[in-house]
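Visitor: For reference, the file model_27.cif (mmCIF, C-alpha atoms and all ligand atoms) is included below:
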```cif
data_coords
loop_
_atom_site.label_atom_id
_atom_site.label_comp_id
_atom_site.auth_asym_id
_atom_site.auth_seq_id
_atom_site.Cartn_x
_atom_site.Cartn_y
_atom_site.Cartn_z
CA MET A 1398 -27.82 -2.26 6.71
CA TYR A 1399 -24.89 -3.05 9.03
CA GLU A 1400 -25.52 -6.81 8.76
CA PHE A 1401 -25.76 -6.62 4.96
CA LEU A 1402 -22.58 -4.51 4.57
CA THR A 1403 -20.49 -6.62 6.95
CA GLY A 1404 -21.94 -9.88 5.53
CA PRO A 1405 -22.44 -10.52 1.79
CA VAL A 1406 -20.96 -7.18 0.67
CA LEU A 1407 -17.78 -7.82 2.67
CA TRP A 1408 -17.44 -11.32 1.15
CA LEU A 1409 -17.77 -9.83 -2.33
CA THR A 1410 -15.26 -7.11 -1.42
CA PHE A 1411 -12.61 -9.65 -0.36
CA ALA A 1412 -13.31 -11.73 -3.47
CA VAL A 1413 -12.60 -8.67 -5.67
CA PHE A 1414 -9.48 -7.94 -3.60
CA PHE A 1415 -7.90 -11.42 -3.85
CA ILE A 1416 -9.00 -12.27 -7.41
CA GLY A 1417 -8.01 -8.78 -8.59
CA LEU A 1418 -4.53 -9.01 -7.05
CA ALA A 1419 -4.03 -12.53 -8.43
CA ALA A 1420 -4.99 -11.25 -11.91
CA ARG A 1421 -2.59 -8.31 -11.54
CA PHE A 1422 0.19 -10.73 -10.59
CA VAL A 1423 -0.39 -13.02 -13.60
CA TRP A 1424 -0.75 -10.03 -15.92
CA TYR A 1425 2.56 -8.54 -14.75
CA VAL A 1426 4.57 -11.76 -14.96
CA ARG A 1427 3.14 -12.62 -18.39
CA GLY A 1428 4.04 -9.11 -19.55
CA LEU A 1429 7.76 -9.65 -18.95
CA ASP A 1430 9.71 -9.62 -22.19
CA TRP A 1431 11.23 -13.05 -22.90
CA LYS A 1432 14.27 -11.61 -24.69
CA LEU A 1433 15.08 -8.79 -22.29
CA ASP A 1434 13.97 -10.32 -19.00
CA ARG A 1435 13.08 -13.99 -18.91
CA VAL A 1436 16.24 -15.44 -20.46
CA ALA A 1437 18.58 -13.86 -17.92
CA TYR A 1438 16.25 -14.33 -14.94
CA ARG A 1439 15.79 -18.06 -15.61
CA GLN A 1440 19.48 -18.64 -16.20
CA TRP A 1441 20.74 -16.97 -13.02
CA PRO A 1442 18.07 -17.41 -10.31
CA LYS A 1443 20.47 -17.06 -7.35
CA TYR A 1444 21.81 -13.67 -8.45
CA GLY A 1445 18.31 -12.64 -9.48
CA ILE A 1446 16.67 -13.46 -6.14
CA ARG A 1447 19.52 -11.81 -4.22
CA GLY A 1448 19.13 -8.62 -6.31
CA ALA A 1449 15.33 -8.66 -5.89
CA LEU A 1450 15.48 -9.04 -2.09
CA ARG A 1451 18.15 -6.33 -1.84
CA SER A 1452 16.06 -3.86 -3.80
CA ILE A 1453 12.82 -4.56 -1.90
CA GLY A 1454 14.62 -4.56 1.48
CA PHE A 1455 16.36 -1.21 1.00
CA TRP A 1456 13.16 0.45 -0.26
CA LEU A 1457 11.24 -0.82 2.78
CA LEU A 1458 13.84 0.77 5.07
CA PRO A 1459 13.29 4.45 5.93
CA TRP A 1460 16.25 6.35 4.41
CA GLY A 1461 17.48 3.01 2.98
CA THR A 1462 17.79 4.28 -0.60
CA ARG A 1463 19.16 7.49 -2.09
CA SER A 1464 15.66 8.55 -3.11
CA TRP A 1465 14.55 8.26 0.52
CA GLN A 1466 17.66 10.17 1.72
CA VAL A 1467 17.32 13.24 -0.51
CA LYS A 1468 13.86 14.07 0.91
CA PRO A 1469 14.20 13.08 4.62
CA VAL A 1470 11.06 14.85 5.86
CA PHE A 1471 8.90 13.44 3.10
CA THR A 1472 10.32 9.99 3.90
CA LEU A 1473 9.29 10.32 7.54
CA VAL A 1474 5.75 11.42 6.62
CA PHE A 1475 5.47 8.77 3.95
CA PHE A 1476 6.48 5.93 6.32
CA ALA A 1477 4.22 7.25 9.10
CA PHE A 1478 1.35 7.34 6.56
CA HIS A 1479 1.96 3.78 5.37
CA ILE A 1480 2.55 2.26 8.82
CA GLY A 1481 -0.76 3.75 9.98
CA LEU A 1482 -2.53 2.66 6.77
CA LEU A 1483 -1.41 -0.95 7.02
CA VAL A 1484 -1.18 -1.64 10.77
CA THR A 1485 -4.32 0.10 12.11
CA PRO A 1486 -7.05 -1.73 10.15
CA ILE A 1487 -5.50 -5.17 10.68
CA PHE A 1488 -4.87 -4.89 14.42
CA LEU A 1489 -7.81 -2.71 15.49
CA LEU A 1490 -9.86 -4.19 18.34
CA GLY A 1491 -13.20 -3.36 16.67
CA HIS A 1492 -12.19 -5.11 13.42
CA ASN A 1493 -10.95 -8.18 15.25
CA LEU A 1494 -14.15 -8.48 17.28
CA LEU A 1495 -16.04 -8.54 13.97
CA LEU A 1496 -13.57 -11.05 12.53
CA ASP A 1497 -14.04 -13.31 15.56
CA GLU A 1498 -17.83 -13.03 15.38
CA ARG A 1499 -18.00 -13.76 11.64
CA TRP A 1500 -15.07 -16.08 10.94
CA GLY A 1501 -14.16 -17.41 14.37
CA PHE A 1502 -10.60 -16.11 14.64
CA ALA A 1503 -8.87 -12.89 15.71
CA LEU A 1504 -5.41 -11.31 15.58
CA PRO A 1505 -3.56 -9.53 18.41
CA THR A 1506 -4.94 -6.02 18.89
CA LEU A 1507 -3.49 -2.53 19.41
CA PRO A 1508 -4.17 -0.62 22.65
CA ALA A 1509 -6.93 1.97 22.04
CA GLY A 1510 -4.55 4.93 22.51
CA VAL A 1511 -2.08 3.60 19.92
CA ALA A 1512 -4.87 2.90 17.39
CA SER A 1513 -6.20 6.41 17.92
CA PHE A 1514 -2.71 7.91 17.51
CA PHE A 1515 -2.12 5.94 14.26
CA THR A 1516 -5.49 7.09 12.89
CA VAL A 1517 -4.66 10.75 13.51
CA MET A 1518 -1.17 10.12 12.09
CA VAL A 1519 -2.69 8.84 8.80
CA MET A 1520 -4.98 11.90 8.55
CA VAL A 1521 -2.20 14.41 9.28
CA ALA A 1522 0.27 12.66 6.95
CA GLY A 1523 -2.42 12.46 4.23
CA LEU A 1524 -2.99 16.21 4.53
CA PHE A 1525 0.77 16.78 4.29
CA LEU A 1526 0.88 14.67 1.08
CA VAL A 1527 -1.92 16.80 -0.42
CA ILE A 1528 -0.08 20.02 0.51
CA ARG A 1529 3.13 18.59 -0.98
CA ARG A 1530 1.34 17.92 -4.28
CA ILE A 1531 0.10 21.53 -4.35
CA ALA A 1532 3.20 23.27 -3.01
CA LEU A 1533 6.08 21.63 -4.87
CA PRO A 1534 6.12 22.62 -8.56
CA GLU A 1535 7.95 19.44 -9.62
CA VAL A 1536 5.21 17.32 -8.00
CA ARG A 1537 2.33 19.63 -9.03
CA ILE A 1538 3.18 19.31 -12.72
CA LEU A 1539 2.78 15.53 -12.51
CA THR A 1540 -0.39 15.63 -10.38
CA THR A 1541 -3.90 15.08 -11.73
CA TRP A 1542 -7.32 14.79 -10.01
CA TYR A 1543 -6.73 11.03 -9.93
CA ASP A 1544 -3.87 11.46 -7.42
CA TYR A 1545 -6.15 13.43 -5.07
CA LEU A 1546 -8.92 10.86 -5.50
CA VAL A 1547 -6.54 8.06 -4.53
CA LEU A 1548 -5.43 10.01 -1.44
CA ILE A 1549 -9.07 10.63 -0.47
CA ILE A 1550 -9.90 6.92 -0.89
CA ALA A 1551 -6.87 6.01 1.26
CA VAL A 1552 -7.70 8.39 4.13
CA ALA A 1553 -11.54 8.33 4.12
CA PRO A 1554 -12.00 5.18 6.28
CA PHE A 1555 -9.67 6.68 8.90
CA ALA A 1556 -11.54 9.99 9.06
CA THR A 1557 -14.97 8.31 9.21
CA GLY A 1558 -13.73 5.66 11.66
CA TYR A 1559 -12.39 8.42 13.91
CA LEU A 1560 -15.75 10.24 13.87
CA ALA A 1561 -17.66 7.02 14.65
CA ALA A 1562 -15.26 5.77 17.36
CA ASN A 1563 -15.28 9.14 19.14
CA HIS A 1564 -19.07 9.52 18.82
CA ILE A 1565 -18.72 12.82 16.98
CA GLY A 1566 -22.07 13.35 15.24
CA ASP A 1567 -24.47 10.45 14.62
CA TYR A 1568 -22.64 7.20 15.51
CA GLY A 1569 -24.80 4.90 13.32
CA PHE A 1570 -24.46 7.18 10.30
CA TRP A 1571 -20.67 7.46 10.54
CA LEU A 1572 -20.31 3.75 11.20
CA ASN A 1573 -22.12 2.90 7.95
CA ILE A 1574 -20.13 5.53 6.01
CA HIS A 1575 -16.97 4.10 7.58
CA ILE A 1576 -17.86 0.60 6.36
CA VAL A 1577 -18.68 1.87 2.84
CA THR A 1578 -15.43 3.87 2.59
CA GLY A 1579 -13.57 0.82 3.96
CA ILE A 1580 -15.12 -1.36 1.25
CA ILE A 1581 -14.10 1.20 -1.42
CA TRP A 1582 -10.55 1.17 0.10
CA ILE A 1583 -10.24 -2.62 -0.24
CA VAL A 1584 -11.78 -2.78 -3.73
CA ALA A 1585 -9.64 0.14 -4.94
CA ILE A 1586 -6.41 -1.74 -4.12
CA PRO A 1587 -6.55 -4.09 -7.12
CA LEU A 1588 -8.50 -1.68 -9.35
CA THR A 1589 -6.59 1.63 -9.06
CA LYS A 1590 -3.00 2.70 -8.66
CA LEU A 1591 -3.30 1.57 -5.06
CA SER A 1592 -2.38 -1.74 -6.71
CA HIS A 1593 1.17 -0.64 -5.87
CA PHE A 1594 0.32 -2.61 -2.68
CA LEU A 1595 1.42 -5.59 -4.85
CA MET A 1596 3.07 -3.89 -7.84
CA PHE A 1597 5.67 -2.23 -5.62
CA PHE A 1598 7.05 -5.71 -4.82
CA LEU A 1599 6.84 -6.96 -8.41
CA THR A 1600 8.45 -3.90 -10.01
CA ARG A 1601 11.17 -3.64 -7.37
CA ALA A 1602 11.86 -7.38 -7.71
CA GLN A 1603 12.18 -7.01 -11.47
CA ILE A 1604 14.52 -4.01 -11.27
CA GLY A 1605 16.52 -5.72 -8.50
CA MET A 1606 16.88 -8.86 -10.64
CA ASP A 1607 17.93 -6.74 -13.58
CA TYR A 1608 20.68 -5.06 -11.58
CA GLY A 1609 21.59 -8.27 -9.73
CA ILE A 1610 22.21 -10.10 -13.02
CA LYS A 1611 22.69 -7.83 -15.99
CA ARG A 1612 23.51 -4.26 -15.03
CA GLY A 1613 26.74 -4.85 -13.18
CA GLY A 1614 25.55 -7.45 -10.64
CA MET A 1615 27.44 -10.26 -12.41
CA LYS A 1616 30.23 -8.19 -13.90
CA SER A 1617 32.94 -10.19 -12.14
CA LYS A 1618 31.34 -13.43 -13.40
CA GLY A 1619 31.83 -12.60 -17.07
CA MET A 1620 28.23 -11.59 -17.82
CA ALA A 1621 28.45 -9.50 -20.98
CA TRP A 1622 25.40 -7.22 -20.37
C1 LIG B 1701 3.11 -3.01 1.53
C2 LIG B 1701 2.32 -2.14 0.96
C3 LIG B 1701 2.73 -0.80 0.36
C4 LIG B 1701 3.94 -0.35 -0.11
C5 LIG B 1701 5.27 -1.08 -0.12
C6 LIG B 1701 3.73 1.01 -0.60
C7 LIG B 1701 4.69 1.82 -1.19
C8 LIG B 1701 4.46 3.05 -1.77
C9 LIG B 1701 5.42 3.83 -2.55
C10 LIG B 1701 6.87 3.39 -2.83
C11 LIG B 1701 4.81 4.99 -2.92
C12 LIG B 1701 5.42 6.12 -3.77
C13 LIG B 1701 6.06 7.17 -2.94
C14 LIG B 1701 6.62 8.28 -3.82
O1 LIG B 1701 5.83 9.05 -4.39
O2 LIG B 1701 7.84 8.37 -3.91
C15 LIG B 1701 3.47 4.98 -2.38
C16 LIG B 1701 2.55 5.99 -2.50
C17 LIG B 1701 1.27 5.96 -1.98
N1 LIG B 1701 0.66 4.92 -1.29
FE1 LIG B 1701 1.55 3.15 -0.85
N2 LIG B 1701 2.40 1.34 -0.40
C18 LIG B 1701 1.77 0.26 0.17
C19 LIG B 1701 0.43 0.16 0.54
C20 LIG B 1701 -0.48 1.18 0.43
C21 LIG B 1701 -1.87 1.10 0.81
C22 LIG B 1701 -2.55 -0.15 1.39
C23 LIG B 1701 -2.42 2.31 0.54
C24 LIG B 1701 -3.84 2.78 0.76
C25 LIG B 1701 -4.88 2.04 0.58
C26 LIG B 1701 -1.38 3.19 0.01
C27 LIG B 1701 -1.56 4.51 -0.34
C28 LIG B 1701 -0.63 5.28 -0.98
C29 LIG B 1701 -0.89 6.61 -1.49
C30 LIG B 1701 -2.20 7.37 -1.36
C31 LIG B 1701 0.29 7.04 -2.12
C32 LIG B 1701 0.52 8.37 -2.83
C33 LIG B 1701 1.02 9.42 -1.87
C34 LIG B 1701 1.15 10.76 -2.57
O3 LIG B 1701 0.16 11.23 -3.11
O4 LIG B 1701 2.25 11.32 -2.57
N3 LIG B 1701 -0.22 2.46 -0.04
N4 LIG B 1701 3.28 3.78 -1.67
#
```
Now that the file is in, can you turn its structure into structure tokens?
Ligand code: HEM
Guide:
Amino acid sequence: MYEFLTGPVLWLTFAVFFIGLAARFVWYVRGLDWKLDRVAYRQWPKYGIRGALRSIGFWLLPWGTRSWQVKPVFTLVFFAFHIGLLVTPIFLLGHNLLLDERWGFALPTLPAGVASFFTVMVMVAGLFLVIRRIALPEVRILTTWYDYLVLIIAVAPFATGYLAANHIGDYGFWLNIHIVTGIIWIVAIPLTKLSHFLMFFLTRAQIGMDYGIKRGGMKSKGMAW
């Protein structure tokens, strides 16, 4: 089972991940309106790229935008959640041993204590995000079962990995469940709203270009919009 999941199934999983994200990218760019977007973006690439990088950069900075500043505690939890989500799986010793064994290369790895801390941080922050969706009326009204499902998919490999790594319960069982939930995690990125992994950058780039060129960005340069 382990060999099958970490062999052919993992290959298929990464194929879905990369092909799915490439399709999302093409789909998004082709969906841009030529009258509203393309004409201005093509004409003024320098202002466009500057606006795009500004928008992405400030959103990637904790408290870098007004939206991040008005909810400082949520911002902290949200960044802790995402740092754990992205850093832990890539730099985990166990994952890199597998990578080395299967594909002959490995990345630098996190000390065990840090990896363990990040894993717990993802679980605690995930719980906080669930409570936030229940407790805040303005968030609750927008929340459907799909939002909880996405949160469960995001956190499941961390919970199961924690159980396996700490030998809580049957190690072999939790390891296989960890691999399956990890595969669902990777496949869900292009197929669900976890596609914001890529779409965040595309949508922020588009809005940044819009503001960098049309909505005031080029006011002093005589741009009429
Ligand atoms: C570079 C990659 C990523 C960026 C820039 C990013 C950014 C964001 C942003 C801006 C939000 C919306 C926050 C809000 O509600 O105001 C969000 C939400 C969320 N992200 Fe990501 N994300 C990334 C990767 C991921 C990955 C890989 C996962 C998990 C597989 C993930 C899971 C989530 C979840 C579950 C939420 C919803 C949280 C909630 O229910 O409130 N993100 N992300």
Visitor: Skip range 1417-1431 of chain A itself and residues of its chain fewer than 3 positions away, then list as a ChimeraX atom specification all residues within 10 Å of it, counting all atoms listed in the file.
Guide: /A:1411-1414,1434-1439,1584-1588,1592,1594-1596,1599-1600,1603
Visitor: Which residue gives the smallest distance to ligand LIG 1701 (chain B) among A:Leu1409, A:Ala1522, A:Leu1482, A:Ile1531, with all atoms listed in the file counted?
Guide: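 Using all atoms listed in the file, the shortest distance to ligand LIG 1701 (chain B) belongs to A:Leu1482.
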Visitor: Quick one: residues within 7 Å of ligand LIG 1701 (chain B), with only C-alpha atoms and all ligand atoms, as a compact mmCIF listing (two decimals) with C-alpha atoms, keeping the file's coordinate frame?
Guide:
```txt
# COMPACT_ATOMS: atom_id res chain seq x y z
CA LEU A 1457 11.24 -0.82 2.78
CA HIS A 1479 1.96 3.78 5.37
CA LEU A 1482 -2.53 2.66 6.77
CA LEU A 1483 -1.41 -0.95 7.02
CA LEU A 1526 0.88 14.67 1.08
CA VAL A 1527 -1.92 16.80 -0.42
CA ARG A 1530 1.34 17.92 -4.28
CA ASP A 1544 -3.87 11.46 -7.42
CA TYR A 1545 -6.15 13.43 -5.07
CA VAL A 1547 -6.54 8.06 -4.53
CA LEU A 1548 -5.43 10.01 -1.44
CA ALA A 1551 -6.87 6.01 1.26
CA TRP A 1582 -10.55 1.17 0.10
CA ILE A 1586 -6.41 -1.74 -4.12
CA LEU A 1591 -3.30 1.57 -5.06
CA HIS A 1593 1.17 -0.64 -5.87
CA PHE A 1594 0.32 -2.61 -2.68
CA LEU A 1595 1.42 -5.59 -4.85
CA PHE A 1597 5.67 -2.23 -5.62
CA PHE A 1598 7.05 -5.71 -4.82
```
Visitor: Could you work out how far CA of Ile1487 in chain A lies from CA of Tyr1399 in chain A, giving the answer in Å with one decimal?
Guide: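 Distance reported for this atom pair: 19.6 Å.
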Visitor: May I ask for the distance between CA of Gly1491 in chain A and CA of Leu1524 in chain A, given in Å to one decimal place?
Guide: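 According to the coordinates, CA of Gly1491 in chain A and CA of Leu1524 in chain A are separated by 25.2 Å.
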Visitor: Rounded to one decimal, what separation in Å do you get between CA of Pro1554 in chain A and CA of Thr1578 in chain A?
Guide: 5.2 Å
Visitor: Counting all atoms listed in the file, what is within 10 Å of Leu1458 in chain A, bar same-chain residues fewer than 5 positions away, as a list in words?
Guide: Ile1453, Trp1465, Thr1472 and Phe1476 of chain A
Visitor: I'd like the box whose edges run along x, y and z of the file and which contains every listed atom of range 1469-1477 of chain A, padded by 8 Å per side; could you state its centre and edge lengths in Å, one decimal, as JSON?
Guide:
```
{"center_x": 9.2, "center_y": 10.4, "center_z": 6.1, "size_x": 26.0, "size_y": 24.9, "size_z": 22.0}
```
Visitor: Restricting the calculation to all atoms listed in the file: of A:Ile1528, A:Thr1557, A:Ser1464, A:Pro1442, which residue gets closest to Gly1569 in chain A?
Guide: A:Thr1557
Visitor: Hey, what's within 12 Å of Leu1496 in chain A if we count all atoms listed in the file and toss same-chain stuff fewer than 6 positions away? As a PDB file with C-alpha atoms, in the coordinates of the input, please?
Guide:
```pdb
ATOM      1  CA  THR A1403     -20.490  -6.620   6.950  1.00  0.00           C
ATOM      2  CA  GLY A1404     -21.940  -9.880   5.530  1.00  0.00           C
ATOM      3  CA  LEU A1407     -17.780  -7.820   2.670  1.00  0.00           C
ATOM      4  CA  PRO A1486      -7.050  -1.730  10.150  1.00  0.00           C
ATOM      5  CA  ILE A1487      -5.500  -5.170  10.680  1.00  0.00           C
ATOM      6  CA  PHE A1488      -4.870  -4.890  14.420  1.00  0.00           C
ATOM      7  CA  LEU A1489      -7.810  -2.710  15.490  1.00  0.00           C
ATOM      8  CA  LEU A1490      -9.860  -4.190  18.340  1.00  0.00           C
ATOM      9  CA  PHE A1502     -10.600 -16.110  14.640  1.00  0.00           C
ATOM     10  CA  ALA A1503      -8.870 -12.890  15.710  1.00  0.00           C
ATOM     11  CA  LEU A1504      -5.410 -11.310  15.580  1.00  0.00           C
ATOM     12  CA  PRO A1505      -3.560  -9.530  18.410  1.00  0.00           C
ATOM     13  CA  THR A1506      -4.940  -6.020  18.890  1.00  0.00           C
TER      14      THR A1506
END
```
Visitor: I'd like the contact shell of Ala1477 in chain A - 12 Å cut-off, all atoms listed in the file, skipping same-chain residues fewer than 5 positions apart - returned as a tab-separated table (two decimals) with C-alpha atoms, keeping the file's coordinate frame.
Guide:
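As a result, result-v8.tsv now contains:
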```tsv
chain	number	residue	atom	x	y	z
A	1459	PRO	CA	13.29	4.45	5.93
A	1470	VAL	CA	11.06	14.85	5.86
A	1471	PHE	CA	8.90	13.44	3.10
A	1472	THR	CA	10.32	9.99	3.90
A	1482	LEU	CA	-2.53	2.66	6.77
A	1483	LEU	CA	-1.41	-0.95	7.02
A	1484	VAL	CA	-1.18	-1.64	10.77
A	1485	THR	CA	-4.32	0.10	12.11
A	1514	PHE	CA	-2.71	7.91	17.51
A	1515	PHE	CA	-2.12	5.94	14.26
A	1516	THR	CA	-5.49	7.09	12.89
A	1517	VAL	CA	-4.66	10.75	13.51
A	1518	MET	CA	-1.17	10.12	12.09
A	1519	VAL	CA	-2.69	8.84	8.80
A	1520	MET	CA	-4.98	11.90	8.55
A	1521	VAL	CA	-2.20	14.41	9.28
A	1522	ALA	CA	0.27	12.66	6.95
A	1523	GLY	CA	-2.42	12.46	4.23
A	1525	PHE	CA	0.77	16.78	4.29
A	1526	LEU	CA	0.88	14.67	1.08
```
